[in-house]
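Source file: final34.txt; contents: compact mmCIF, C-alpha atoms.
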```txt
# COMPACT_ATOMS: atom_id res chain seq x y z
CA MET A 1 124.32 81.11 86.45
CA PRO A 2 121.91 80.61 89.39
CA ALA A 3 123.41 79.92 92.79
CA ILE A 4 122.39 79.85 96.43
CA CYS A 5 123.49 83.17 97.92
CA VAL A 6 124.08 83.25 101.66
CA GLN A 7 125.45 85.79 104.10
CA GLU A 8 129.20 86.26 104.25
CA GLY A 9 130.82 83.37 106.13
CA ASN A 10 127.70 81.18 105.68
CA PRO A 11 126.62 81.49 109.34
CA LYS A 12 123.67 79.11 108.88
CA GLY A 13 125.79 76.38 107.33
CA ILE A 14 123.85 76.13 104.08
CA HIS A 15 125.43 73.68 101.66
CA SER A 16 122.62 72.48 99.42
CA LEU A 17 119.11 73.18 98.20
CA ALA A 18 117.83 70.77 100.85
CA ASP A 19 119.23 73.05 103.56
CA LEU A 20 116.88 75.79 102.36
CA ALA A 21 113.98 73.60 103.46
CA ARG A 22 115.29 73.20 107.02
CA PRO A 23 112.76 74.42 109.59
CA GLY A 24 113.44 77.94 110.85
CA MET A 25 115.32 79.13 107.77
CA THR A 26 114.26 82.47 106.33
CA ILE A 27 114.43 82.41 102.57
CA GLY A 28 113.87 85.08 99.91
CA LEU A 29 113.02 84.17 96.35
CA ALA A 30 112.61 86.24 93.22
CA GLU A 31 109.01 86.28 92.09
CA ALA A 32 108.17 83.98 89.23
CA GLY A 33 106.43 85.91 86.49
CA ALA A 34 107.89 89.22 87.63
CA VAL A 35 111.54 88.46 86.93
CA CYS A 36 113.28 85.61 85.08
CA LEU A 37 115.30 84.73 88.19
CA GLY A 38 112.01 83.81 89.82
CA ASP A 39 111.12 81.42 87.00
CA VAL A 40 114.57 79.82 87.17
CA SER A 41 114.33 79.44 90.95
CA ASP A 42 110.98 77.69 90.61
CA GLU A 43 112.36 75.36 87.94
CA ILE A 44 115.35 74.48 90.11
CA LEU A 45 113.24 73.83 93.23
CA ARG A 46 110.75 71.80 91.23
CA SER A 47 113.55 69.73 89.76
CA ALA A 48 114.90 69.10 93.26
CA LYS A 49 111.34 68.28 94.44
CA LEU A 50 111.76 70.87 97.18
CA GLU A 51 109.40 73.58 95.96
CA GLU A 52 106.77 73.07 98.62
CA GLN A 53 109.14 72.65 101.57
CA VAL A 54 111.34 75.62 100.65
CA LYS A 55 108.37 77.91 100.00
CA LYS A 56 107.24 77.32 103.58
CA ASN A 57 110.38 79.21 104.62
CA VAL A 58 110.01 82.03 102.10
CA ILE A 59 109.21 85.29 103.85
CA THR A 60 109.29 87.57 100.84
CA TYR A 61 109.32 87.60 97.06
CA ALA A 62 111.54 90.14 95.31
CA LYS A 63 110.43 91.92 92.17
CA SER A 64 113.82 92.19 90.55
CA CYS A 65 117.31 90.70 90.60
CA ASP A 66 118.74 93.68 92.49
CA GLN A 67 116.02 93.41 95.11
CA THR A 68 116.83 89.74 95.55
CA GLN A 69 120.46 90.66 95.99
CA GLN A 70 119.59 93.38 98.54
CA LEU A 71 117.72 90.86 100.70
CA ILE A 72 120.91 88.92 101.30
CA GLN A 73 123.15 91.96 101.28
CA LEU A 74 121.15 93.59 104.09
CA GLY A 75 120.95 90.30 105.94
CA GLU A 76 117.15 90.21 105.86
CA VAL A 77 117.05 86.51 104.96
CA ASP A 78 119.36 83.53 105.49
CA ALA A 79 119.53 82.67 101.80
CA VAL A 80 118.20 83.56 98.38
CA ILE A 81 118.40 81.79 95.07
CA GLY A 82 120.21 84.38 93.00
CA TRP A 83 122.89 84.64 90.36
CA ASP A 84 126.52 83.80 91.01
CA ALA A 85 127.28 87.35 89.83
CA PHE A 86 125.72 88.67 93.08
CA GLN A 87 128.87 87.76 94.91
CA HIS A 88 130.82 89.83 92.47
CA TRP A 89 128.54 92.80 93.18
CA SER A 90 128.96 92.62 96.97
CA PRO A 91 131.91 90.34 97.72
CA ASP A 92 132.07 91.39 101.39
CA GLN A 93 128.47 90.55 102.16
CA ILE A 94 127.55 87.57 100.01
CA ASP A 95 128.88 84.04 99.77
CA ILE A 96 127.95 81.60 97.05
CA VAL A 97 126.88 77.98 97.48
CA PRO A 98 126.78 76.14 94.14
CA ILE A 99 123.58 74.39 93.15
CA ASP A 100 123.70 70.65 92.50
CA PRO A 101 124.38 70.39 88.73
CA ALA A 102 121.54 67.87 88.42
CA HIS A 103 119.05 70.63 89.20
CA LEU A 104 120.91 73.62 87.81
CA ARG A 105 119.21 75.65 85.09
CA VAL A 106 121.39 78.10 83.22
CA ARG A 107 120.03 81.23 81.61
CA ASN A 108 121.54 83.24 78.80
CA ILE A 109 121.24 86.96 78.43
CA PRO A 110 119.58 87.31 75.02
CA ALA A 111 120.25 90.18 72.67
CA ALA A 112 118.21 90.82 69.53
CA ILE A 113 117.20 93.54 67.09
CA THR A 114 113.60 94.66 67.45
CA VAL A 115 111.38 94.39 64.38
CA TYR A 116 110.66 98.12 64.70
CA SER A 117 114.31 99.04 64.44
CA GLU A 118 115.12 101.69 61.86
CA LYS A 119 118.83 101.38 62.49
CA ARG A 120 119.38 97.67 62.03
CA ALA A 121 123.02 98.05 61.02
CA GLN A 122 123.94 99.93 64.17
CA ALA A 123 121.93 97.54 66.32
CA GLN A 124 123.76 94.60 64.77
CA GLN A 125 127.04 96.39 65.44
CA PHE A 126 126.11 96.65 69.11
CA ILE A 127 125.28 92.95 69.29
CA ASP A 128 128.57 92.14 67.57
CA PHE A 129 130.31 94.24 70.19
CA LEU A 130 128.54 92.36 73.01
CA THR A 131 129.76 89.03 71.67
CA SER A 132 133.25 90.24 70.76
CA GLU A 133 136.25 89.48 72.95
CA GLU A 134 136.06 93.04 74.25
CA GLY A 135 132.38 92.68 75.15
CA LYS A 136 132.93 89.31 76.79
CA ALA A 137 135.74 90.80 78.87
CA ILE A 138 133.32 93.43 80.19
CA PHE A 139 130.77 90.77 81.14
CA ALA A 140 133.46 88.69 82.81
CA LYS A 141 134.70 91.73 84.70
CA HIS A 142 131.24 92.07 86.27
CA GLY A 143 131.02 88.44 87.31
CA TYR A 144 129.07 86.89 84.43
CA SER A 145 130.06 83.56 82.89
CA VAL A 146 130.86 84.14 79.23
CA GLU A 147 131.40 80.54 78.18
CA PRO A 148 128.69 77.86 78.28
CA PRO A 149 129.17 75.99 81.56
CA THR A 150 130.15 72.35 81.42
CA ILE A 151 127.60 70.39 83.40
CA MET B 1 76.48 127.27 126.11
CA ALA B 2 75.71 128.73 122.71
CA THR B 3 76.28 126.22 119.96
CA VAL B 4 78.61 126.63 117.06
CA SER B 5 75.90 126.49 114.42
CA SER B 6 73.57 128.95 116.11
CA ARG B 7 76.40 131.37 116.66
CA ARG B 8 77.35 131.15 113.02
CA ARG B 9 73.73 131.72 111.96
CA SER B 10 73.37 134.85 114.06
CA ARG B 11 76.64 136.20 112.70
CA ALA B 12 75.43 135.60 109.13
CA ALA B 13 72.13 137.35 109.90
CA ALA B 14 73.94 140.34 111.36
CA SER B 15 76.19 140.72 108.35
CA SER B 16 73.30 140.51 105.86
CA ARG B 17 71.47 143.31 107.68
CA CYS B 18 74.48 145.56 107.16
CA ASP B 19 74.55 144.91 103.40
CA SER B 20 73.99 147.92 101.17
CA ALA B 21 72.77 147.52 97.60
CA GLY B 22 76.11 148.73 96.24
CA GLY B 23 78.04 146.26 98.32
CA ARG B 24 75.88 143.43 97.05
CA ARG B 25 76.38 144.44 93.42
CA GLY B 26 80.13 144.63 93.96
CA ARG B 27 80.13 141.18 95.43
CA GLU B 28 78.19 139.79 92.45
CA THR B 29 80.75 141.12 89.98
CA GLY B 30 83.45 139.61 92.17
CA ARG B 31 81.73 136.28 92.09
CA ALA B 32 81.48 136.37 88.28
CA GLY B 33 85.19 137.11 88.12
CA VAL B 34 86.05 134.19 90.35
CA ALA B 35 83.78 131.93 88.29
CA ALA B 36 85.55 133.00 85.12
CA LEU B 37 88.93 132.27 86.66
CA VAL B 38 87.74 128.87 87.86
CA LEU B 39 86.47 127.99 84.39
CA LEU B 40 89.59 129.22 82.68
CA LEU B 41 92.30 128.00 85.03
CA SER B 42 90.96 125.48 87.51
CA LEU B 43 88.58 123.49 85.32
CA PRO B 44 91.48 122.22 83.18
CA LEU B 45 93.24 121.17 86.39
CA LEU B 46 90.16 119.30 87.60
CA LEU B 47 89.75 117.59 84.22
CA TYR B 48 93.43 116.74 84.25
CA LEU B 49 93.04 115.09 87.65
CA VAL B 50 89.86 113.22 86.77
CA GLY B 51 90.73 112.23 83.19
CA PRO B 52 93.41 109.59 83.74
CA VAL B 53 91.59 108.05 86.69
CA LEU B 54 88.33 107.90 84.77
CA GLY B 55 90.17 106.37 81.84
CA LEU B 56 91.48 103.69 84.17
CA VAL B 57 88.00 102.84 85.35
CA LEU B 58 86.44 102.96 81.87
CA ARG B 59 89.10 100.68 80.40
CA THR B 60 88.15 97.96 82.82
CA THR B 61 85.60 95.76 81.11
CA PRO B 62 83.37 93.58 83.28
CA THR B 63 84.94 90.43 81.83
CA VAL B 64 88.45 91.52 82.73
CA TRP B 65 87.28 92.62 86.14
CA LYS B 66 85.56 89.34 86.83
CA SER B 67 88.46 87.19 85.72
CA TYR B 68 91.20 89.02 87.63
CA VAL B 69 89.85 91.07 90.47
CA CYS B 70 87.64 88.40 91.90
CA CYS B 71 90.70 86.19 92.42
CA TRP B 72 92.04 85.44 95.85
CA GLN B 73 95.24 87.43 95.50
CA ALA B 74 93.53 90.68 94.53
CA ALA B 75 90.94 90.33 97.28
CA SER B 76 93.59 89.68 99.91
CA ALA B 77 95.68 92.63 98.69
CA LEU B 78 92.66 94.93 98.88
CA LYS B 79 91.77 93.64 102.34
CA LEU B 80 95.36 94.09 103.53
CA SER B 81 95.46 97.61 102.13
CA LEU B 82 92.20 98.68 103.78
CA ILE B 83 93.11 97.15 107.13
CA THR B 84 96.68 98.49 107.27
CA ALA B 85 95.68 101.98 106.11
CA THR B 86 93.02 102.10 108.84
CA ILE B 87 95.43 100.89 111.54
CA SER B 88 97.98 103.44 110.33
CA LEU B 89 95.39 106.20 110.49
CA ALA B 90 94.37 105.22 114.02
CA THR B 91 98.02 105.17 115.08
CA VAL B 92 98.68 108.59 113.58
CA VAL B 93 95.53 110.11 115.13
CA ILE B 94 96.22 108.68 118.59
CA MET B 95 99.89 109.65 118.62
CA GLY B 96 99.65 112.80 116.51
CA THR B 97 96.70 114.61 118.12
CA PRO B 98 98.47 115.52 121.39
CA LEU B 99 101.49 116.68 119.39
CA ALA B 100 99.37 118.82 117.08
CA TYR B 101 97.56 120.34 120.05
CA TYR B 102 100.80 121.04 121.85
CA LEU B 103 102.35 122.67 118.78
CA ALA B 104 99.24 124.78 118.21
CA HIS B 105 98.86 126.21 121.70
CA TYR B 106 102.25 126.24 123.36
CA GLN B 107 105.45 128.13 122.68
CA PHE B 108 108.76 126.44 123.34
CA ARG B 109 112.29 126.54 122.06
CA ALA B 110 112.45 123.31 120.07
CA LYS B 111 109.22 124.07 118.21
CA ASN B 112 110.94 124.82 114.90
CA VAL B 113 112.96 121.65 115.12
CA ILE B 114 109.87 119.52 115.80
CA ASP B 115 108.07 121.26 112.94
CA THR B 116 110.86 120.31 110.59
CA VAL B 117 110.92 116.73 111.87
CA ILE B 118 107.22 116.44 111.05
CA ASP B 119 107.93 117.67 107.52
CA LEU B 120 110.79 115.21 106.97
CA PRO B 121 108.72 112.35 105.51
CA LEU B 122 107.35 114.77 102.90
CA VAL B 123 110.77 115.55 101.45
CA LEU B 124 112.20 112.05 101.75
CA PRO B 125 111.44 109.93 98.67
CA PRO B 126 109.37 106.94 99.86
CA ALA B 127 111.92 104.38 98.66
CA ALA B 128 114.59 106.20 100.68
CA ALA B 129 112.26 106.14 103.67
CA GLY B 130 111.89 102.39 103.14
CA PHE B 131 115.66 101.90 103.20
CA ALA B 132 115.96 104.08 106.28
CA LEU B 133 113.34 101.97 108.06
CA LEU B 134 114.94 98.75 106.84
CA LEU B 135 118.36 99.81 108.10
CA LEU B 136 116.91 100.77 111.49
CA PHE B 137 114.51 97.87 112.05
CA GLY B 138 116.16 95.26 109.81
CA ARG B 139 118.77 92.76 110.82
CA GLN B 140 121.50 95.34 110.31
CA GLY B 141 119.87 97.62 112.87
CA MET B 142 117.91 96.71 115.96
CA GLY B 143 116.21 93.91 114.02
CA ALA B 144 118.81 91.34 115.04
CA TRP B 145 118.19 92.01 118.73
CA LEU B 146 114.42 92.10 118.26
CA GLN B 147 114.47 88.84 116.33
CA ASP B 148 116.45 87.19 119.10
CA HIS B 149 113.55 88.18 121.33
CA GLY B 150 110.99 86.78 118.96
CA LEU B 151 109.85 89.92 117.14
CA ARG B 152 110.47 90.34 113.46
CA ILE B 153 109.50 93.69 111.94
CA SER B 154 111.01 93.98 108.46
CA LEU B 155 109.14 92.07 105.73
CA THR B 156 106.05 91.61 107.92
CA PRO B 157 102.56 93.23 107.97
CA LEU B 158 103.80 95.34 110.89
CA ALA B 159 106.37 96.83 108.52
CA VAL B 160 103.54 97.73 106.12
CA VAL B 161 101.88 99.77 108.89
CA LEU B 162 105.15 101.35 110.03
CA ALA B 163 105.97 102.42 106.46
CA GLN B 164 102.51 103.93 106.07
CA VAL B 165 102.67 105.76 109.39
CA PHE B 166 106.03 107.19 108.42
CA VAL B 167 104.99 108.62 105.08
CA ALA B 168 101.39 109.56 105.95
CA SER B 169 101.67 111.12 109.44
CA PRO B 170 102.55 114.69 108.32
CA PHE B 171 99.22 115.05 106.55
CA TYR B 172 97.23 114.60 109.75
CA VAL B 173 99.57 116.34 112.19
CA LYS B 174 99.90 119.48 110.07
CA GLN B 175 96.17 119.76 109.40
CA ALA B 176 95.25 119.05 113.01
CA ARG B 177 97.69 121.67 114.19
CA ALA B 178 96.21 124.28 111.84
CA GLY B 179 92.74 123.27 113.01
CA PHE B 180 93.62 123.63 116.69
CA GLU B 181 95.29 126.98 116.00
CA SER B 182 92.07 128.27 114.41
CA VAL B 183 90.11 127.74 117.64
CA PRO B 184 90.06 131.12 119.43
CA GLU B 185 91.65 131.02 122.85
CA THR B 186 88.74 133.03 124.25
CA LEU B 187 86.35 130.15 123.57
CA ARG B 188 88.58 127.70 125.40
CA LEU B 189 88.89 130.13 128.29
CA ALA B 190 85.12 130.68 128.33
CA SER B 191 84.61 126.95 128.54
CA ALA B 192 87.03 126.81 131.47
CA THR B 193 85.23 129.63 133.29
CA LEU B 194 82.00 127.70 132.88
CA GLY B 195 83.58 124.91 134.84
CA ALA B 196 84.69 122.50 132.13
CA GLY B 197 88.00 120.77 132.71
CA PRO B 198 90.72 120.68 130.02
CA LEU B 199 89.60 117.29 128.69
CA ARG B 200 85.96 118.34 128.49
CA THR B 201 86.92 121.61 126.82
CA PHE B 202 89.02 119.66 124.34
CA ALA B 203 86.24 117.19 123.54
CA ARG B 204 83.32 119.66 123.53
CA VAL B 205 84.84 122.89 122.24
CA THR B 206 88.21 122.41 120.54
CA VAL B 207 87.52 119.22 118.59
CA PRO B 208 84.07 120.25 117.27
CA LEU B 209 85.45 123.62 116.15
CA ALA B 210 88.51 122.05 114.54
CA ARG B 211 86.54 119.17 113.04
CA HIS B 212 86.95 120.15 109.40
CA ALA B 213 90.71 120.30 109.66
CA LEU B 214 90.89 117.10 111.71
CA LEU B 215 88.70 115.29 109.22
CA ALA B 216 90.60 116.62 106.22
CA GLY B 217 93.88 115.55 107.81
CA ALA B 218 92.55 112.10 108.64
CA VAL B 219 91.22 111.61 105.13
CA MET B 220 94.52 112.62 103.56
CA THR B 221 96.50 110.41 105.90
CA TRP B 222 94.31 107.40 105.19
CA ALA B 223 94.47 108.04 101.45
CA ARG B 224 98.23 108.46 101.51
CA ALA B 225 98.62 105.27 103.54
CA LEU B 226 96.39 103.39 101.10
CA GLY B 227 98.45 104.53 98.14
CA GLU B 228 101.82 103.91 99.82
CA PHE B 229 104.15 102.00 97.52
CA GLY B 230 107.87 102.78 97.68
CA ALA B 231 108.57 102.50 101.39
CA THR B 232 106.31 99.47 101.71
CA LEU B 233 108.00 97.60 98.88
CA VAL B 234 111.46 98.13 100.34
CA PHE B 235 110.66 97.69 104.03
CA ALA B 236 107.82 95.18 103.99
CA GLY B 237 108.50 93.31 100.77
CA ALA B 238 105.76 91.82 98.69
CA PHE B 239 104.43 88.54 99.97
CA PRO B 240 100.96 87.80 98.57
CA GLY B 241 98.43 87.73 101.37
CA ARG B 242 100.91 89.03 103.96
CA THR B 243 102.63 92.20 102.86
CA GLU B 244 101.45 92.64 99.29
CA THR B 245 99.22 95.71 99.42
CA MET B 246 97.07 96.87 96.53
CA PRO B 247 99.60 99.34 95.05
CA ILE B 248 102.27 96.63 95.07
CA ALA B 249 99.86 94.08 93.60
CA ILE B 250 99.10 96.56 90.81
CA TYR B 251 102.79 96.96 90.08
CA THR B 252 103.51 93.23 90.20
CA THR B 253 100.55 92.37 88.02
CA SER B 254 101.47 95.05 85.48
CA THR B 255 104.71 93.26 84.63
CA THR B 256 102.85 90.18 83.45
CA ASN B 257 99.27 91.20 82.78
CA LEU B 258 98.51 94.83 82.03
CA PRO B 259 94.69 94.54 81.70
CA ALA B 260 94.56 92.87 85.10
CA ALA B 261 96.72 95.60 86.62
CA ILE B 262 94.37 98.23 85.17
CA ALA B 263 91.42 96.35 86.62
CA LEU B 264 93.10 96.26 90.04
CA ALA B 265 93.90 99.96 89.88
CA ALA B 266 90.31 100.77 88.93
CA THR B 267 89.06 98.67 91.82
CA LEU B 268 91.33 100.52 94.25
CA VAL B 269 90.12 103.86 92.89
CA VAL B 270 86.44 102.94 93.17
CA VAL B 271 86.74 101.38 96.63
CA SER B 272 88.84 104.18 98.12
CA PHE B 273 86.64 106.85 96.56
CA GLY B 274 83.59 105.16 98.09
CA VAL B 275 85.20 104.85 101.50
CA LEU B 276 86.31 108.50 101.49
CA ILE B 277 82.85 109.76 100.55
CA LEU B 278 81.26 107.57 103.20
CA ALA B 279 83.76 108.65 105.84
CA ARG B 280 83.15 112.32 105.09
CA ALA B 281 79.38 111.85 105.27
CA LEU B 282 79.48 109.83 108.49
CA ALA B 283 82.05 111.95 110.28
CA GLY B 284 80.35 115.18 109.23
CA GLN B 285 77.08 113.92 110.63
CA ARG B 286 78.53 112.68 113.91
CA LEU B 287 80.45 115.90 114.47
CA ARG B 288 77.35 117.99 113.81
CA VAL B 289 75.57 115.95 116.46
CA ALA B 290 78.46 116.48 118.85
CA ALA B 291 78.32 120.23 118.33
CA SER B 292 74.54 120.53 118.68
CA PRO B 293 72.85 121.58 121.99
CA GLN B 294 72.76 118.91 124.70
```

Starting from the file, give its structure as structure tokens.
Amino acid sequence: MPAICVQEGNPKGIHSLADLARPGMTIGLAEAGAVCLGDVSDEILRSAKLEEQVKKNVITYAKSCDQTQQLIQLGEVDAVIGWDAFQHWSPDQIDIVPIDPAHLRVRNIPAAITVYSEKRAQAQQFIDFLTSEEGKAIFAKHGYSVEPPTI
Amino acid sequence: MATVSSRRRSRAAASSRCDSAGGRRGRETGRAGVAALVLLLSLPLLLYLVGPVLGLVLRTTPTVWKSYVCCWQAASALKLSLITATISLATVVIMGTPLAYYLAHYQFRAKNVIDTVIDLPLVLPPAAAGFALLLLFGRQGMGAWLQDHGLRISLTPLAVVLAQVFVASPFYVKQARAGFESVPETLRLASATLGAGPLRTFARVTVPLARHALLAGAVMTWARALGEFGATLVFAGAFPGRTETMPIAIYTTSTTNLPAAIALAATLVVVSFGVLILARALAGQRLRVAASPQ
């Protein structure tokens, strides 16, 4: 689930998407087109009609989710739009500010069998494992939401 | 003062007068042997180096090139790359030349240590270098203090240059040092006895004699800076038009549009190849003029 990720303790007092557009903020975004987080971020900002204002504060675009996470972890920017799981990855360095449900866009992690697969049965077994209680527990352990959110 | 070229000519003439017929024949067989080895061993290497790059260029059709490379983002990435690589080269030459000269002509205790320090960027993977720079100059290092005083380094064009200087400096410093070492001390002393001061001797004797090494080092440093990817991505980020250099643009584009990425890569190859050839020609000419009689 996307979320605003800020530095531990939220030193800049960021409480909403609108705060990302405040003058003087340094923001990092994932790059749309390069990583799905970037596309989601754009959708969220567009929905909040803040795309233009927030992008004025963007000083860098990350190429991957981990890079986006590093930006906030190393304190290089005041906030990024990331995944709520980031906090789980670095609980001592990252705080989470929830995104207004009206603008929230949730992404699933898809799993599928490729058409080239020669071992469809085993591939299906793996997918079954991912969606089993055991698989869900592993996802939950690493900070991912395993049930559809209620918004 | 006798010029470099005339001295070399007279030496060549002297050695050819001493040639016996047998010696010449021996040398011809030697040359045939070397040619055979080149054909057998080194030609495959050359083809291996040229093949992929040529493939890159040949795969770029004019239509693809026109539709992607002529766009604003590619042009600004190319411009940024050329400008930053040139600034990095200038920085390395200005700061590295005295060091190379000092290492070549003076003996001191910490020499081995300094030698190893110069080699460090070569063994450090560029991404690791990027993290090291980010930790030092970023907000976790001195970046917080610098930013309070109005200077931001990480994720800016300045970081692009710093990353390039870090990874590319050994190529110039090592070559320049070898070049300075190859200049016989007697020539420098002769220049001094003729009344030239140290600076004049450096400019008129040492640099012209070491020109091939200096040029080779400069070319390699510029090329390495132009191709820099890992440290730049980590330390400078990838903001189109600001810190997105050509190698990063190629990588970014490849995730969404492979033909465009190939076109960008081909453009970088062609442009840098052209610049390198031109630089060699120009610098060679100017240095020949510098070494000719006044």

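Nearest-residue note for chain B: choosing from A:Gly75, A:Gly9, A:Gly28, A:Pro23, the minimum distance belongs to A:Gly75, counting all atoms listed in the file.
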
Subject >> Residues of chain B within 12 Å of chain A, only C-alpha atoms counted, as a PyMOL selection string >> reply: chain B and resi 131-132+134-141+143-144+147+152-157+233-244+248-257

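Interatomic distance, atom CA of B:Ala263 against atom CA of B:Trp222: 21.8 Å.
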
Closest pair table for stretch 38-128 of chain B residues within 12 Å of stretch 161-167 of chain B, all atoms listed in the file, as CSV:
```
residue,atom,partner,partner_atom,distance
B:Leu80,CA,B:Val161,CA,10.2
B:Ser81,CA,B:Val161,CA,9.6
B:Leu82,CA,B:Val161,CA,11.0
B:Ile83,CA,B:Val161,CA,9.3
B:Thr84,CA,B:Val161,CA,5.6
B:Ala85,CA,B:Gln164,CA,7.1
B:Thr86,CA,B:Val161,CA,9.2
B:Ile87,CA,B:Val161,CA,7.1
B:Ser88,CA,B:Val165,CA,5.3
B:Leu89,CA,B:Val165,CA,7.4
B:Ala90,CA,B:Val165,CA,9.5
B:Thr91,CA,B:Val165,CA,7.4
B:Val92,CA,B:Val165,CA,6.4
B:Val93,CA,B:Val165,CA,10.1
B:Ile94,CA,B:Val165,CA,11.6
B:Met95,CA,B:Val165,CA,10.4
B:Gly96,CA,B:Val165,CA,10.5
B:Val117,CA,B:Phe166,CA,11.3
B:Ile118,CA,B:Phe166,CA,9.7
B:Asp119,CA,B:Val167,CA,9.8
B:Leu120,CA,B:Val167,CA,9.0
B:Pro121,CA,B:Val167,CA,5.3
B:Leu122,CA,B:Val167,CA,6.9
B:Val123,CA,B:Val167,CA,9.7
B:Leu124,CA,B:Val167,CA,8.7
B:Pro125,CA,B:Val167,CA,9.2
B:Pro126,CA,B:Val167,CA,7.0
B:Ala127,CA,B:Ala163,CA,10.0
B:Ala128,CA,B:Val167,CA,10.8
```

**OP:** Determine, counting all atoms listed in the file, which protein, DNA and RNA residues have an atom within 7 Å of an atom of stretch 200-207 of chain B; residues of the same chain fewer than 5 positions away are not included. Present the result as JSON, numbers by chain.
**Re:** {"B": [180, 183, 188, 191, 192]}

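In this model, the gap between atom CA of B:Ala281 and atom CA of B:Arg31 comes to 27.9 Å.
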
Will you model N, CA and C atoms for stretch 72-86 of chain A and pass it back as a compact mmCIF listing (two decimals), in the frame of the given file?
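Okay, rebuild-v4.txt is ready:
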```
# COMPACT_ATOMS: atom_id res chain seq x y z
N ILE A 72 119.79 89.63 100.67
CA ILE A 72 120.91 88.92 101.30
C ILE A 72 121.97 89.90 101.74
N GLN A 73 122.14 90.96 100.95
CA GLN A 73 123.15 91.96 101.28
C GLN A 73 122.84 92.64 102.61
N LEU A 74 121.55 92.93 102.85
CA LEU A 74 121.15 93.59 104.09
C LEU A 74 120.90 92.58 105.21
N GLY A 75 121.10 91.32 104.90
CA GLY A 75 120.95 90.30 105.94
C GLY A 75 119.52 90.04 106.35
N GLU A 76 118.56 90.38 105.48
CA GLU A 76 117.15 90.21 105.86
C GLU A 76 116.71 88.75 105.81
N VAL A 77 117.40 87.95 105.03
CA VAL A 77 117.05 86.51 104.96
C VAL A 77 118.35 85.71 105.08
N ASP A 78 118.18 84.39 105.36
CA ASP A 78 119.36 83.53 105.49
C ASP A 78 119.92 83.16 104.13
N ALA A 79 119.06 83.04 103.14
CA ALA A 79 119.53 82.67 101.80
C ALA A 79 118.55 83.10 100.73
N VAL A 80 119.06 83.35 99.55
CA VAL A 80 118.20 83.56 98.38
C VAL A 80 118.74 82.67 97.26
N ILE A 81 117.87 82.37 96.30
CA ILE A 81 118.40 81.79 95.07
C ILE A 81 118.61 82.96 94.12
N GLY A 82 119.87 83.22 93.83
CA GLY A 82 120.21 84.38 93.00
C GLY A 82 121.14 83.98 91.88
N TRP A 83 121.89 84.92 91.40
CA TRP A 83 122.89 84.64 90.36
C TRP A 83 124.27 84.62 91.02
N ASP A 84 125.17 83.83 90.44
CA ASP A 84 126.52 83.80 91.01
C ASP A 84 127.18 85.18 90.92
N ALA A 85 126.71 86.00 89.97
CA ALA A 85 127.28 87.35 89.83
C ALA A 85 127.03 88.22 91.06
N PHE A 86 126.01 87.85 91.88
CA PHE A 86 125.72 88.67 93.08
C PHE A 86 126.96 88.81 93.95
```
